[in-house]
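Enquirer: Data file my_file-v3.txt (compact mmCIF, C-alpha atoms) is appended below.
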# COMPACT_ATOMS: atom_id res chain seq x y z
CA MET A 75 52.17 -99.49 41.95
CA LYS A 76 54.26 -96.80 40.28
CA ARG A 77 51.12 -94.76 39.59
CA ASN A 78 50.11 -94.98 43.25
CA LEU A 79 53.55 -93.84 44.39
CA LEU A 80 53.44 -90.95 41.94
CA ALA A 81 50.03 -89.87 43.22
CA ILE A 82 51.47 -89.71 46.74
CA ALA A 83 54.71 -87.99 45.72
CA ILE A 84 53.30 -85.15 43.61
CA PRO A 85 51.32 -83.29 46.32
CA ALA A 86 54.19 -83.61 48.82
CA LEU A 87 56.76 -82.30 46.39
CA LEU A 88 54.54 -79.41 45.33
CA VAL A 89 54.32 -78.28 48.95
CA ALA A 90 58.07 -78.71 49.41
CA ALA A 91 59.01 -76.52 46.44
CA GLY A 92 62.45 -75.21 47.25
CA ALA A 93 65.20 -73.56 45.29
CA ASN A 94 64.90 -75.78 42.22
CA ALA A 95 63.78 -74.34 38.90
CA SER A 96 61.28 -77.20 38.68
CA ILE A 97 60.34 -80.23 40.75
CA GLU A 98 61.43 -83.63 39.46
CA VAL A 99 58.79 -86.05 40.68
CA TRP A 100 59.90 -89.15 38.76
CA ASN A 101 63.12 -90.21 37.04
CA LYS A 102 63.52 -93.95 36.61
CA ASP A 103 63.93 -96.47 33.81
CA GLY A 104 64.05 -93.79 31.11
CA ASN A 105 60.92 -92.03 32.36
CA LYS A 106 61.03 -88.49 33.76
CA VAL A 107 58.32 -86.15 35.04
CA ASP A 108 58.80 -82.54 36.18
CA PHE A 109 56.37 -80.05 37.66
CA TYR A 110 56.77 -76.28 37.55
CA GLY A 111 54.70 -73.27 38.50
CA ARG A 112 54.45 -69.54 38.97
CA VAL A 113 52.43 -67.11 41.05
CA LYS A 114 52.44 -63.49 39.91
CA ALA A 115 50.87 -60.80 42.08
CA ALA A 116 50.76 -57.64 39.94
CA ASN A 117 48.80 -54.46 39.41
CA HIS A 118 48.49 -52.00 36.50
CA ILE A 119 48.08 -48.45 37.79
CA THR A 120 46.44 -46.14 35.24
CA ASP A 121 43.15 -44.47 34.30
CA ARG A 122 40.19 -46.55 35.49
CA GLY A 123 38.71 -46.50 32.01
CA GLN A 124 41.67 -48.25 30.36
CA ALA A 125 41.19 -51.87 29.32
CA ASP A 126 44.02 -53.49 31.35
CA GLU A 127 43.74 -51.33 34.46
CA GLY A 128 43.84 -52.95 37.89
CA ASP A 129 44.79 -56.28 39.40
CA ASP A 130 46.70 -58.69 37.14
CA THR A 131 47.32 -61.52 39.62
CA SER A 132 47.59 -65.03 38.17
CA ALA A 133 48.90 -68.51 38.91
CA ARG A 134 50.30 -71.17 36.59
CA LEU A 135 50.99 -74.87 37.06
CA GLY A 136 52.64 -77.06 34.46
CA MET A 137 53.95 -80.57 33.89
CA SER A 138 56.49 -81.87 31.41
CA GLY A 139 57.53 -85.45 30.90
CA GLN A 140 59.54 -87.68 28.65
CA THR A 141 60.05 -91.38 28.12
CA GLN A 142 62.89 -93.21 26.36
CA ILE A 143 61.34 -95.50 23.74
CA THR A 144 64.52 -96.63 21.94
CA ASP A 145 68.09 -95.37 21.85
CA GLY A 146 67.13 -92.80 19.22
CA ILE A 147 63.46 -92.05 19.96
CA THR A 148 62.00 -90.20 22.95
CA GLY A 149 58.36 -89.49 23.68
CA TYR A 150 57.46 -86.23 25.42
CA GLY A 151 54.51 -84.14 26.55
CA ARG A 152 53.68 -80.87 28.25
CA TRP A 153 50.63 -79.42 29.97
CA GLU A 154 50.24 -75.96 31.52
CA TYR A 155 47.24 -74.29 33.14
CA GLU A 156 46.75 -70.68 34.16
CA ALA A 157 44.15 -69.23 36.51
CA LYS A 158 43.75 -65.45 36.48
CA ALA A 159 42.74 -64.16 39.88
CA GLY A 160 42.71 -60.44 39.14
CA LYS A 161 40.11 -57.94 38.02
CA ASN A 162 39.01 -60.06 35.06
CA SER A 163 39.27 -63.62 36.36
CA SER A 164 39.46 -66.39 33.76
CA ASN A 165 41.14 -69.75 33.28
CA GLU A 166 43.10 -71.13 30.34
CA VAL A 167 44.92 -74.27 29.30
CA ARG A 168 48.04 -72.63 27.88
CA TYR A 169 49.77 -75.76 26.58
CA ALA A 170 48.70 -79.36 26.02
CA PHE A 171 50.71 -81.35 23.48
CA ALA A 172 52.58 -84.64 23.03
CA GLY A 173 55.14 -85.79 20.51
CA LEU A 174 58.16 -87.83 19.50
CA ASN A 175 61.79 -86.72 19.27
CA PHE A 176 63.91 -88.57 16.71
CA GLY A 177 67.27 -86.98 17.59
CA ASP A 178 69.02 -85.45 14.58
CA ALA A 179 65.95 -86.22 12.45
CA GLY A 180 63.92 -83.67 14.45
CA SER A 181 60.75 -83.82 16.52
CA PHE A 182 57.02 -83.90 15.81
CA ASP A 183 54.21 -82.98 18.19
CA TYR A 184 50.51 -82.16 18.13
CA GLY A 185 48.15 -80.26 20.42
CA ARG A 186 47.87 -76.76 21.88
CA ASN A 187 51.22 -75.03 21.41
CA ASP A 188 52.87 -71.78 20.36
CA GLY A 189 52.28 -70.63 16.82
CA VAL A 190 55.37 -70.99 14.67
CA LEU A 191 55.93 -67.22 14.38
CA LYS A 192 56.11 -66.76 18.14
CA ALA A 193 59.68 -68.06 18.05
CA ILE A 194 60.55 -64.85 16.16
CA THR A 195 58.32 -62.31 17.91
CA ALA A 196 59.63 -63.66 21.24
CA TYR A 197 62.92 -61.81 20.59
CA THR A 198 61.26 -58.68 21.97
CA ASP A 199 58.66 -60.29 24.24
CA VAL A 200 60.97 -60.00 27.26
CA LEU A 201 59.72 -56.89 29.08
CA PRO A 202 59.24 -57.07 32.85
CA GLU A 203 55.43 -56.79 32.76
CA PHE A 204 54.13 -55.49 29.41
CA GLY A 205 55.21 -56.23 25.83
CA GLY A 206 54.26 -59.17 23.65
CA ASP A 207 52.17 -56.91 21.38
CA ALA A 208 53.28 -58.73 18.21
CA SER A 209 52.50 -62.15 19.72
CA ASN A 210 49.43 -61.94 21.90
CA ASN A 211 46.79 -60.70 19.48
CA ASP A 212 44.24 -61.89 16.95
CA TRP A 213 45.59 -60.31 13.77
CA ASN A 214 48.97 -62.05 13.24
CA VAL A 215 48.71 -65.59 11.87
CA LEU A 216 50.23 -68.38 14.04
CA SER A 217 51.87 -65.93 16.43
CA HIS A 218 49.94 -66.77 19.60
CA ARG A 219 49.28 -69.98 21.52
CA THR A 220 47.19 -72.00 19.12
CA LYS A 221 45.05 -75.11 19.37
CA ALA A 222 45.19 -78.15 17.08
CA VAL A 223 48.68 -77.54 15.66
CA ALA A 224 51.04 -80.15 14.25
CA THR A 225 54.66 -78.99 14.46
CA TYR A 226 57.89 -80.41 13.09
CA ARG A 227 61.11 -78.95 14.54
CA ASN A 228 64.75 -79.55 13.79
CA ASN A 229 67.19 -77.76 16.11
CA ASN A 230 70.49 -78.78 14.52
CA PHE A 231 69.74 -79.05 10.78
CA PHE A 232 69.77 -82.85 10.73
CA GLY A 233 72.90 -83.03 12.87
CA LEU A 234 75.04 -80.90 10.55
CA THR A 235 75.22 -77.74 12.69
CA ASP A 236 73.83 -76.55 16.02
CA ASP A 237 73.65 -73.00 14.67
CA LEU A 238 70.75 -73.56 12.24
CA SER A 239 67.22 -74.58 13.21
CA PHE A 240 63.82 -74.53 11.53
CA ALA A 241 60.19 -75.45 12.15
CA LEU A 242 57.14 -76.31 10.03
CA GLN A 243 53.60 -76.07 11.34
CA TYR A 244 50.04 -76.85 10.30
CA ALA A 245 46.98 -75.69 12.25
CA ASP A 246 43.83 -77.73 11.73
CA ASN A 247 41.11 -75.18 12.53
CA GLY A 248 43.39 -73.78 15.22
CA ASP A 249 44.66 -70.35 14.21
CA ASN A 250 42.92 -67.38 15.84
CA SER A 251 43.81 -64.51 13.46
CA ASN A 252 40.19 -63.44 13.15
CA LYS A 253 40.35 -59.74 13.94
CA PHE A 254 38.87 -58.47 10.68
CA ARG A 255 37.12 -61.45 9.16
CA GLU A 256 36.05 -64.79 10.58
CA ASP A 257 36.02 -68.00 8.56
CA ALA A 258 32.57 -68.57 7.08
CA ILE A 259 32.56 -72.23 8.19
CA ARG A 260 34.93 -72.42 11.15
CA GLY A 261 34.04 -69.10 12.76
CA GLU A 262 36.72 -67.79 15.10
CA SER A 263 39.33 -70.44 14.24
CA ARG A 264 41.11 -71.03 10.94
CA GLU A 265 43.15 -73.57 9.06
CA ALA A 266 46.69 -72.24 8.58
CA TYR A 267 50.29 -73.23 7.99
CA GLY A 268 53.67 -71.60 8.52
CA ALA A 269 57.42 -72.00 8.95
CA ASN A 270 60.38 -70.33 10.60
CA VAL A 271 64.16 -70.51 10.41
CA GLN A 272 66.75 -69.26 12.91
CA TRP A 273 70.51 -68.90 12.58
CA ARG A 274 72.82 -68.49 15.54
CA ILE A 275 75.66 -66.57 13.93
CA PHE A 276 78.68 -68.57 15.07
CA ASP A 277 79.89 -67.52 18.55
CA THR A 278 78.98 -63.84 18.27
CA GLY A 279 75.88 -64.00 20.49
CA LEU A 280 73.76 -62.92 17.52
CA THR A 281 70.71 -64.82 16.31
CA ALA A 282 68.73 -63.94 13.17
CA GLY A 283 65.29 -65.35 12.49
CA ALA A 284 62.44 -65.11 10.00
CA GLY A 285 59.06 -66.74 9.53
CA TYR A 286 55.94 -66.77 7.38
CA ALA A 287 52.40 -68.02 8.02
CA GLN A 288 49.05 -67.78 6.25
CA THR A 289 45.53 -69.08 6.44
CA SER A 290 44.69 -71.63 3.78
CA THR A 291 41.41 -70.31 2.33
CA SER A 292 42.23 -68.43 -0.88
CA ASN A 293 39.21 -66.10 -0.84
CA ASN A 294 39.57 -65.25 2.86
CA ARG A 295 43.34 -65.24 3.23
CA GLN A 296 45.39 -63.61 5.91
CA SER A 297 49.17 -63.77 5.93
CA THR A 298 51.94 -62.67 8.28
CA TRP A 299 55.67 -62.54 7.92
CA ALA A 300 58.12 -61.62 10.66
CA THR A 301 61.84 -61.16 11.02
CA GLY A 302 64.03 -60.53 14.01
CA LEU A 303 67.54 -60.13 15.34
CA LYS A 304 68.78 -60.57 18.89
CA TYR A 305 72.10 -60.33 20.73
CA ASP A 306 72.62 -62.11 24.03
CA ASN A 307 76.15 -62.01 25.45
CA TYR A 308 78.17 -60.48 28.30
CA ASN A 309 75.05 -59.64 30.37
CA LEU A 310 73.69 -57.53 27.48
CA TYR A 311 70.51 -58.38 25.61
CA LEU A 312 69.35 -56.53 22.49
CA GLY A 313 66.32 -57.51 20.44
CA ALA A 314 64.55 -56.19 17.35
CA THR A 315 61.55 -57.52 15.43
CA TYR A 316 59.55 -56.39 12.42
CA PHE A 317 56.32 -57.92 11.12
CA GLN A 318 53.60 -57.33 8.58
CA SER A 319 50.14 -58.88 8.28
CA LYS A 320 47.86 -58.57 5.27
CA PHE A 321 44.13 -59.30 5.14
CA LYS A 322 43.10 -59.89 1.55
CA ASP A 323 40.16 -57.78 0.29
CA SER A 324 38.83 -57.41 3.83
CA LYS A 325 37.86 -53.72 3.63
CA THR A 326 34.82 -52.95 1.44
CA PHE A 327 33.80 -49.58 -0.01
CA VAL A 328 30.22 -49.24 -1.31
CA TRP A 329 28.93 -46.21 -3.22
CA SER A 330 25.30 -45.17 -3.60
CA ASP A 331 25.29 -45.97 -7.34
CA GLY A 332 26.16 -49.62 -6.64
CA TYR A 333 29.91 -49.64 -7.22
CA VAL A 334 31.89 -51.82 -4.80
CA ARG A 335 35.63 -51.99 -4.24
CA HIS A 336 37.65 -54.25 -1.93
CA VAL A 337 41.07 -53.32 -0.56
CA ASP A 338 43.57 -55.10 1.68
CA GLU A 339 43.94 -54.18 5.32
CA LYS A 340 47.50 -54.27 6.66
CA ILE A 341 49.15 -54.17 10.03
CA LYS A 342 52.87 -53.62 10.31
CA GLY A 343 55.09 -52.86 13.24
CA PHE A 344 58.47 -53.03 14.87
CA GLU A 345 59.74 -53.50 18.39
CA LEU A 346 63.13 -52.69 19.96
CA VAL A 347 64.40 -53.72 23.39
CA ALA A 348 67.66 -53.36 25.34
CA GLN A 349 68.43 -54.97 28.71
CA TYR A 350 71.53 -55.32 30.86
CA GLY A 351 71.98 -57.68 33.81
CA ILE A 352 73.84 -56.44 36.89
CA ASP A 353 74.92 -58.86 39.63
CA LEU A 354 74.36 -57.59 43.18
CA PRO A 355 75.41 -58.92 46.60
CA VAL A 356 71.88 -60.31 46.82
CA GLY A 357 70.41 -61.33 43.49
CA ARG A 358 70.53 -59.69 40.08
CA ILE A 359 68.81 -56.62 38.61
CA THR A 360 68.05 -56.22 34.91
CA PRO A 361 67.05 -52.72 33.72
CA SER A 362 64.96 -52.71 30.54
CA LEU A 363 64.26 -50.11 27.83
CA ALA A 364 61.95 -50.70 24.86
CA TYR A 365 60.07 -48.97 22.06
CA VAL A 366 57.00 -50.49 20.38
CA GLN A 367 55.07 -49.19 17.35
CA HIS A 368 52.36 -50.97 15.37
CA LYS A 369 50.18 -49.39 12.67
CA TYR A 370 46.94 -50.34 10.93
CA LYS A 371 46.37 -49.22 7.34
CA TYR A 372 44.12 -49.54 4.34
CA SER A 373 44.43 -47.64 1.07
CA SER A 374 42.10 -45.02 -0.38
CA GLU A 375 40.10 -45.45 -3.58
CA ASN A 376 39.81 -42.88 -6.37
CA PHE A 377 38.38 -43.79 -9.78
CA VAL A 378 35.96 -42.56 -12.43
CA ALA A 379 33.00 -44.64 -13.63
CA ASN A 380 30.12 -43.41 -15.81
CA ASN A 381 31.66 -39.93 -15.72
CA ILE A 382 31.39 -39.87 -11.92
CA ARG A 383 34.42 -39.75 -9.65
CA HIS A 384 34.26 -42.18 -6.75
CA ILE A 385 36.42 -41.36 -3.72
CA ALA A 386 36.92 -43.21 -0.44
CA ASP A 387 39.45 -42.19 2.17
CA GLY A 388 42.06 -44.57 3.50
CA TRP A 389 43.29 -44.83 7.09
CA ASN A 390 46.75 -45.05 8.62
CA THR A 391 46.61 -45.14 12.41
CA PRO A 392 48.72 -46.49 15.31
CA LEU A 393 47.56 -49.60 17.12
CA ALA A 394 50.34 -49.52 19.71
CA LYS A 395 52.95 -46.86 20.37
CA TYR A 396 54.86 -46.57 23.61
CA VAL A 397 58.22 -46.38 25.35
CA SER A 398 58.80 -48.84 28.18
CA LEU A 399 61.22 -48.29 31.07
CA GLY A 400 61.47 -50.89 33.80
CA ALA A 401 63.50 -53.47 35.67
CA THR A 402 63.37 -57.02 36.98
CA TYR A 403 65.07 -57.75 40.31
CA ASP A 404 65.73 -61.46 40.79
CA LEU A 405 66.37 -61.97 44.50
CA ASN A 406 67.14 -65.59 43.63
CA LYS A 407 66.02 -67.95 40.88
CA ASN A 408 62.66 -68.45 42.59
CA PHE A 409 61.56 -64.94 43.58
CA SER A 410 61.51 -61.69 41.58
CA THR A 411 60.13 -58.19 41.78
CA ILE A 412 59.13 -56.24 38.67
CA VAL A 413 58.41 -52.62 37.87
CA GLU A 414 57.68 -51.11 34.47
CA TYR A 415 56.40 -47.73 33.32
CA LYS A 416 54.72 -47.52 29.91
CA PHE A 417 54.88 -44.06 28.35
CA ASN A 418 51.79 -44.18 26.15
CA LEU A 419 52.32 -42.21 22.91
CA LEU A 420 48.86 -42.77 21.41
CA ASP A 421 46.53 -39.89 20.54
CA ARG A 422 42.80 -39.92 21.19
CA LYS A 423 41.99 -40.36 17.49
CA ASP A 424 44.23 -43.45 17.13
CA LEU A 425 42.66 -46.88 16.75
CA GLY A 426 44.86 -48.21 19.53
CA ALA A 427 43.47 -45.64 21.98
CA ILE A 428 39.91 -46.57 21.00
CA GLN A 429 40.62 -50.27 21.56
CA ASN A 430 42.41 -49.60 24.86
CA THR A 431 39.41 -47.70 26.24
CA LYS A 432 37.08 -49.97 28.19
CA ASN A 433 35.00 -47.27 29.88
CA PRO A 434 35.15 -43.76 28.33
CA ARG A 435 33.53 -42.19 31.41
CA GLY A 436 32.47 -39.27 29.22
CA HIS A 437 35.94 -38.68 27.80
CA GLY A 438 35.77 -40.67 24.54
CA SER A 439 38.97 -42.61 23.92
CA LYS A 440 41.08 -40.46 26.27
CA PRO A 441 41.54 -43.27 28.87
CA GLY A 442 43.33 -45.30 26.17
CA THR A 443 46.04 -42.65 25.89
CA LYS A 444 47.14 -42.72 29.54
CA ASP A 445 50.49 -43.99 30.82
CA VAL A 446 50.59 -47.22 32.83
CA LEU A 447 52.71 -48.27 35.81
CA GLY A 448 53.04 -52.02 36.35
CA VAL A 449 54.38 -53.45 39.61
CA GLY A 450 54.51 -57.02 40.83
CA LEU A 451 56.00 -59.89 42.79
CA ILE A 452 56.70 -63.30 41.22
CA TYR A 453 57.34 -66.65 42.87
CA GLN A 454 58.26 -69.53 40.59
CA PHE A 455 59.58 -73.07 40.84
Just dump the structure as structure tokens.

Expert:
Amino acid sequence: MKRNLLAIAIPALLVAAGANASIEVWNKDGNKVDFYGRVKAANHITDRGQADEGDDTSARLGMSGQTQITDGITGYGRWEYEAKAGKNSSNEVRYAFAGLNFGDAGSFDYGRNDGVLKAITAYTDVLPEFGGDASNNDWNVLSHRTKAVATYRNNNFFGLTDDLSFALQYADNGDNSNKFREDAIRGESREAYGANVQWRIFDTGLTAGAGYAQTSTSNNRQSTWATGLKYDNYNLYLGATYFQSKFKDSKTFVWSDGYVRHVDEKIKGFELVAQYGIDLPVGRITPSLAYVQHKYKYSSENFVANNIRHIADGWNTPLAKYVSLGATYDLNKNFSTIVEYKFNLLDRKDLGAIQNTKNPRGHGSKPGTKDVLGVGLIYQF
């Protein structure tokens, strides 16, 4: 009977979405179910040959629930789906996991969830429309949404302090850091593990965090470490992150006389962001300023063998380099407008410009160097 009532209640409550941050569809006898969603109508105005140009409209719908099993144990789950309705339409299950919370002893869950390093890179993934360069990619290990991950979290260090938290994670063929070399057996996905720790520094508004993750195959290893610092107090938000990824022996040099050398490929970068919230008679506006720079590098080779000098050039080139200026205007907690201008600082010869160019239109990688204006409207419940 309860299931039948829930089936009737959910569609009605979804239509009647009001000013609540989410819709509580069931809360009885220790069981609770909430629905939430978002519709974003946005457009990226730039050169037509750039990869992310055009309509970026999307819709999300999610569900979270929990059930009280005993006084100290709670079961929980979350599911979220996104449908992209813009220029490149696609669908994705963003989250699908379930787990148990044991109070001060921590929680454990399994399924599709954020990689453990995303808790750190999220310090600067707060821009109105763009950003997230250190998270949403396929070169940093366990930094994106990841399938088949088992995660243990403890948010109060076993009940001793609310200022210290940590997480441990294992991905069973789930990690997607396959940019430069895929797993010989698993293909695009990899087995990986990682951890993070975060410290809220007393009542200062400061939080410091660090994390490390790596794939488990020794002869095909990729590793990423990240660190970050954020300040959130008195309407001011400041965030900074730094990361480095290393791909073991992934670049190969071959000479005509048969000599072969392998070198590591590395990606390192930092991101800075500053935002300030201003209350208005109607709503709240938050101006945003950010700088993002990521670089790809591999070393040169220079050695003598059989009285012959062997030389191979290295490469050090930007993957992302831009200044972001924008603002979010929250008319209320359900409706927002966003605007953001990305001052693209890439040159035509940079790897980032090459990757950002979808259609050269006879201009090589020039479209990937153009600035971008992002505008949008967001409704959420």

Enquirer: What lies within 12 Å of A:Glu345 using all atoms listed in the file, ignoring chain neighbours under 2 positions off, as an mmCIF file with C-alpha atoms, in the coordinates of the input?

Expert:
data_model
loop_
_atom_site.group_PDB
_atom_site.id
_atom_site.type_symbol
_atom_site.label_atom_id
_atom_site.label_comp_id
_atom_site.auth_asym_id
_atom_site.auth_seq_id
_atom_site.Cartn_x
_atom_site.Cartn_y
_atom_site.Cartn_z
ATOM 1 C CA ILE A 194 60.550 -64.850 16.160
ATOM 2 C CA THR A 195 58.320 -62.310 17.910
ATOM 3 C CA ALA A 196 59.630 -63.660 21.240
ATOM 4 C CA TYR A 197 62.920 -61.810 20.590
ATOM 5 C CA THR A 198 61.260 -58.680 21.970
ATOM 6 C CA ASP A 199 58.660 -60.290 24.240
ATOM 7 C CA VAL A 200 60.970 -60.000 27.260
ATOM 8 C CA LEU A 201 59.720 -56.890 29.080
ATOM 9 C CA GLY A 205 55.210 -56.230 25.830
ATOM 10 C CA GLY A 206 54.260 -59.170 23.650
ATOM 11 C CA ASP A 207 52.170 -56.910 21.380
ATOM 12 C CA ALA A 208 53.280 -58.730 18.210
ATOM 13 C CA SER A 209 52.500 -62.150 19.720
ATOM 14 C CA ALA A 300 58.120 -61.620 10.660
ATOM 15 C CA THR A 301 61.840 -61.160 11.020
ATOM 16 C CA GLY A 302 64.030 -60.530 14.010
ATOM 17 C CA LEU A 303 67.540 -60.130 15.340
ATOM 18 C CA LYS A 304 68.780 -60.570 18.890
ATOM 19 C CA LEU A 312 69.350 -56.530 22.490
ATOM 20 C CA GLY A 313 66.320 -57.510 20.440
ATOM 21 C CA ALA A 314 64.550 -56.190 17.350
ATOM 22 C CA THR A 315 61.550 -57.520 15.430
ATOM 23 C CA TYR A 316 59.550 -56.390 12.420
ATOM 24 C CA PHE A 317 56.320 -57.920 11.120
ATOM 25 C CA LYS A 342 52.870 -53.620 10.310
ATOM 26 C CA GLY A 343 55.090 -52.860 13.240
ATOM 27 C CA VAL A 347 64.400 -53.720 23.390
ATOM 28 C CA ALA A 348 67.660 -53.360 25.340
ATOM 29 C CA LEU A 363 64.260 -50.110 27.830
ATOM 30 C CA ALA A 364 61.950 -50.700 24.860
ATOM 31 C CA TYR A 365 60.070 -48.970 22.060
ATOM 32 C CA VAL A 366 57.000 -50.490 20.380
ATOM 33 C CA GLN A 367 55.070 -49.190 17.350
ATOM 34 C CA HIS A 368 52.360 -50.970 15.370
ATOM 35 C CA LYS A 369 50.180 -49.390 12.670
ATOM 36 C CA ALA A 394 50.340 -49.520 19.710
ATOM 37 C CA LYS A 395 52.950 -46.860 20.370
ATOM 38 C CA TYR A 396 54.860 -46.570 23.610
ATOM 39 C CA VAL A 397 58.220 -46.380 25.350
ATOM 40 C CA SER A 398 58.800 -48.840 28.180
#

Enquirer: Compile the contact shell of A:Ile385 as an NGL selection string: residues with an atom at most 9 Å away, counting all atoms listed in the file, same-chain residues fewer than 6 positions apart removed.

Expert: :A and (329 or 374-378)

Enquirer: Tell me which protein, DNA and RNA residues are within 6 Å of A:Ala115, counting all atoms listed in the file, leaving out same-chain ones fewer than 2 positions away, and put them as a PDB file with C-alpha atoms, in the coordinates of the input.

Expert:
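Full text of part.pdb as output:
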ATOM      1  CA  THR A 131      47.320 -61.520  39.620  1.00  0.00           C
ATOM      2  CA  GLY A 450      54.510 -57.020  40.830  1.00  0.00           C
ATOM      3  CA  LEU A 451      56.000 -59.890  42.790  1.00  0.00           C
TER       4      LEU A 451
END

Enquirer: Give me, please, the distance in Å between atom CA of A:Phe276 and atom CA of A:Phe231, quoted to one decimal.

Expert: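 Answer for the atom CA of A:Phe276 to atom CA of A:Phe231 separation: 14.4 Å.
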
Enquirer: Taking 6 positions as the minimum chain separation for residues in the same chain, which residues sit within 10 Å of A:Ala170 when counting only C-alpha atoms? Answer as a list of chain:residue names.

Expert: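 Here the qualifying residues turn out to be A:Gly136, A:Met137, A:Ser138, A:Gly151, A:Arg152, A:Trp153, A:Glu154, A:Tyr155, A:Tyr184, A:Gly185, A:Arg186, A:Asn187, A:Lys221, A:Ala222.
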
Enquirer: Could you work out an axis-aligned box for stretch 312-326 of chain A, taking every atom the file lists and adding 4 Å on each side, and report centre and edge lengths in Å to one decimal, as JSON?

Expert:
{"center_x": 52.1, "center_y": -56.4, "center_z": 11.4, "size_x": 42.5, "size_y": 14.9, "size_z": 30.2}

Enquirer: For A:Gly149, find every residue with an atom within 6 Å (counting all atoms listed in the file), except residues of its own chain fewer than 2 positions away, and show them as a PDB file with C-alpha atoms, keeping the file's coordinate frame.

Expert:
ATOM      1  CA  GLN A 140      59.540 -87.680  28.650  1.00  0.00           C
ATOM      2  CA  THR A 141      60.050 -91.380  28.120  1.00  0.00           C
ATOM      3  CA  GLY A 173      55.140 -85.790  20.510  1.00  0.00           C
ATOM      4  CA  LEU A 174      58.160 -87.830  19.500  1.00  0.00           C
TER       5      LEU A 174
END

Enquirer: Using only C-alpha atoms, which residue out of A:Asn309, A:His384, A:Lys423, A:Thr281 lies closest to A:Val334?

Expert: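 Among A:Asn309, A:His384, A:Lys423, A:Thr281, it is A:His384 that comes nearest to A:Val334.
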
Enquirer: Identify which of the residues A:Val413, A:Leu191, A:Ile428, A:Ile382 lies closest to A:Leu447, counting all atoms listed in the file when measuring atom-to-atom distances.

Expert: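 Closest candidate: A:Val413.
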
Enquirer: Would you work out the distance separating atom CA of A:Gly351 from atom CA of A:Asp188, expressed in Å to one decimal?

Expert: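 Answer for the atom CA of A:Gly351 to atom CA of A:Asp188 separation: 27.3 Å.
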
Enquirer: Could you check which of A:Asn390, A:Thr443, A:Ser217, A:Thr411 is closest to A:Pro361, using all atoms listed in the file?

Expert: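 Using all atoms listed in the file, the shortest distance to A:Pro361 belongs to A:Thr411.
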
Enquirer: Rank nothing, just name the residue among A:Val215, A:Asp323, A:Arg227, A:Asp236 nearest to A:Asn270, using all atoms listed in the file.

Expert: A:Arg227

Enquirer: What residues have an atom no more than 10 Å from (41.3, -63.3, 38.7) in the file's own frame, counting all atoms listed in the file, and can you write them as a list in words?

Expert: Asp129, Asp130, Thr131, Ser132, Ala133, Ala157, Lys158, Ala159, Gly160, Lys161, Asn162, Ser163, Ser164 and Asn165 of chain A

Enquirer: Would you export the selected residues with C-alpha atoms as a PDB file, in the frame of the given file, please?

Expert:
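Output file result_33.pdb follows:
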ATOM      1  CA  ASP A 129      44.790 -56.280  39.400  1.00  0.00           C
ATOM      2  CA  ASP A 130      46.700 -58.690  37.140  1.00  0.00           C
ATOM      3  CA  THR A 131      47.320 -61.520  39.620  1.00  0.00           C
ATOM      4  CA  SER A 132      47.590 -65.030  38.170  1.00  0.00           C
ATOM      5  CA  ALA A 133      48.900 -68.510  38.910  1.00  0.00           C
ATOM      6  CA  ALA A 157      44.150 -69.230  36.510  1.00  0.00           C
ATOM      7  CA  LYS A 158      43.750 -65.450  36.480  1.00  0.00           C
ATOM      8  CA  ALA A 159      42.740 -64.160  39.880  1.00  0.00           C
ATOM      9  CA  GLY A 160      42.710 -60.440  39.140  1.00  0.00           C
ATOM     10  CA  LYS A 161      40.110 -57.940  38.020  1.00  0.00           C
ATOM     11  CA  ASN A 162      39.010 -60.060  35.060  1.00  0.00           C
ATOM     12  CA  SER A 163      39.270 -63.620  36.360  1.00  0.00           C
ATOM     13  CA  SER A 164      39.460 -66.390  33.760  1.00  0.00           C
ATOM     14  CA  ASN A 165      41.140 -69.750  33.280  1.00  0.00           C
TER      15      ASN A 165
END

Enquirer: Give as a VMD selection string each residue that has an atom at most 12 Å from (75.7, -66.3, 17.8) in the file, counting all atoms listed in the file.

Expert: chain A and resid 236 to 238 272 to 283 303 to 307

Enquirer: Please, what distance in Å, to one decimal, runs between atom CA of A:Asn418 and atom CA of A:Lys444?

Expert: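 Taking atom CA of A:Asn418 and atom CA of A:Lys444, their separation equals 5.9 Å.
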
Enquirer: Kindly indicate which residue among A:Thr144, A:Asn175, A:Thr402, A:Gln124 lies nearest to A:His437, using all atoms listed in the file for the distances.

Expert: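 When distances to A:His437 are compared using all atoms listed in the file, the smallest one comes from A:Gln124.
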
Enquirer: Taking only C-alpha atoms into account, name the residue in A:Gly180, A:Gly448, A:Pro434, A:Gly388 that is nearest to A:Gly146.

Expert: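 Checking each of A:Gly180, A:Gly448, A:Pro434, A:Gly388 against A:Gly146, counting only C-alpha atoms, the winner is A:Gly180.
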
Enquirer: Can I get the residues of stretch 343-453 of chain A within 10 Å of stretch 99-113 of chain A, each with the closest pair of atoms and their distance in Å to one decimal, using all atoms listed in the file, sorted chain first then ascending number, as CSV?

Expert:
residue,atom,partner,partner_atom,distance
A:Asn408,CA,A:Arg112,CA,9.0
A:Phe409,CA,A:Arg112,CA,9.6
A:Leu451,CA,A:Val113,CA,8.2
A:Ile452,CA,A:Val113,CA,5.7
A:Tyr453,CA,A:Val113,CA,5.3
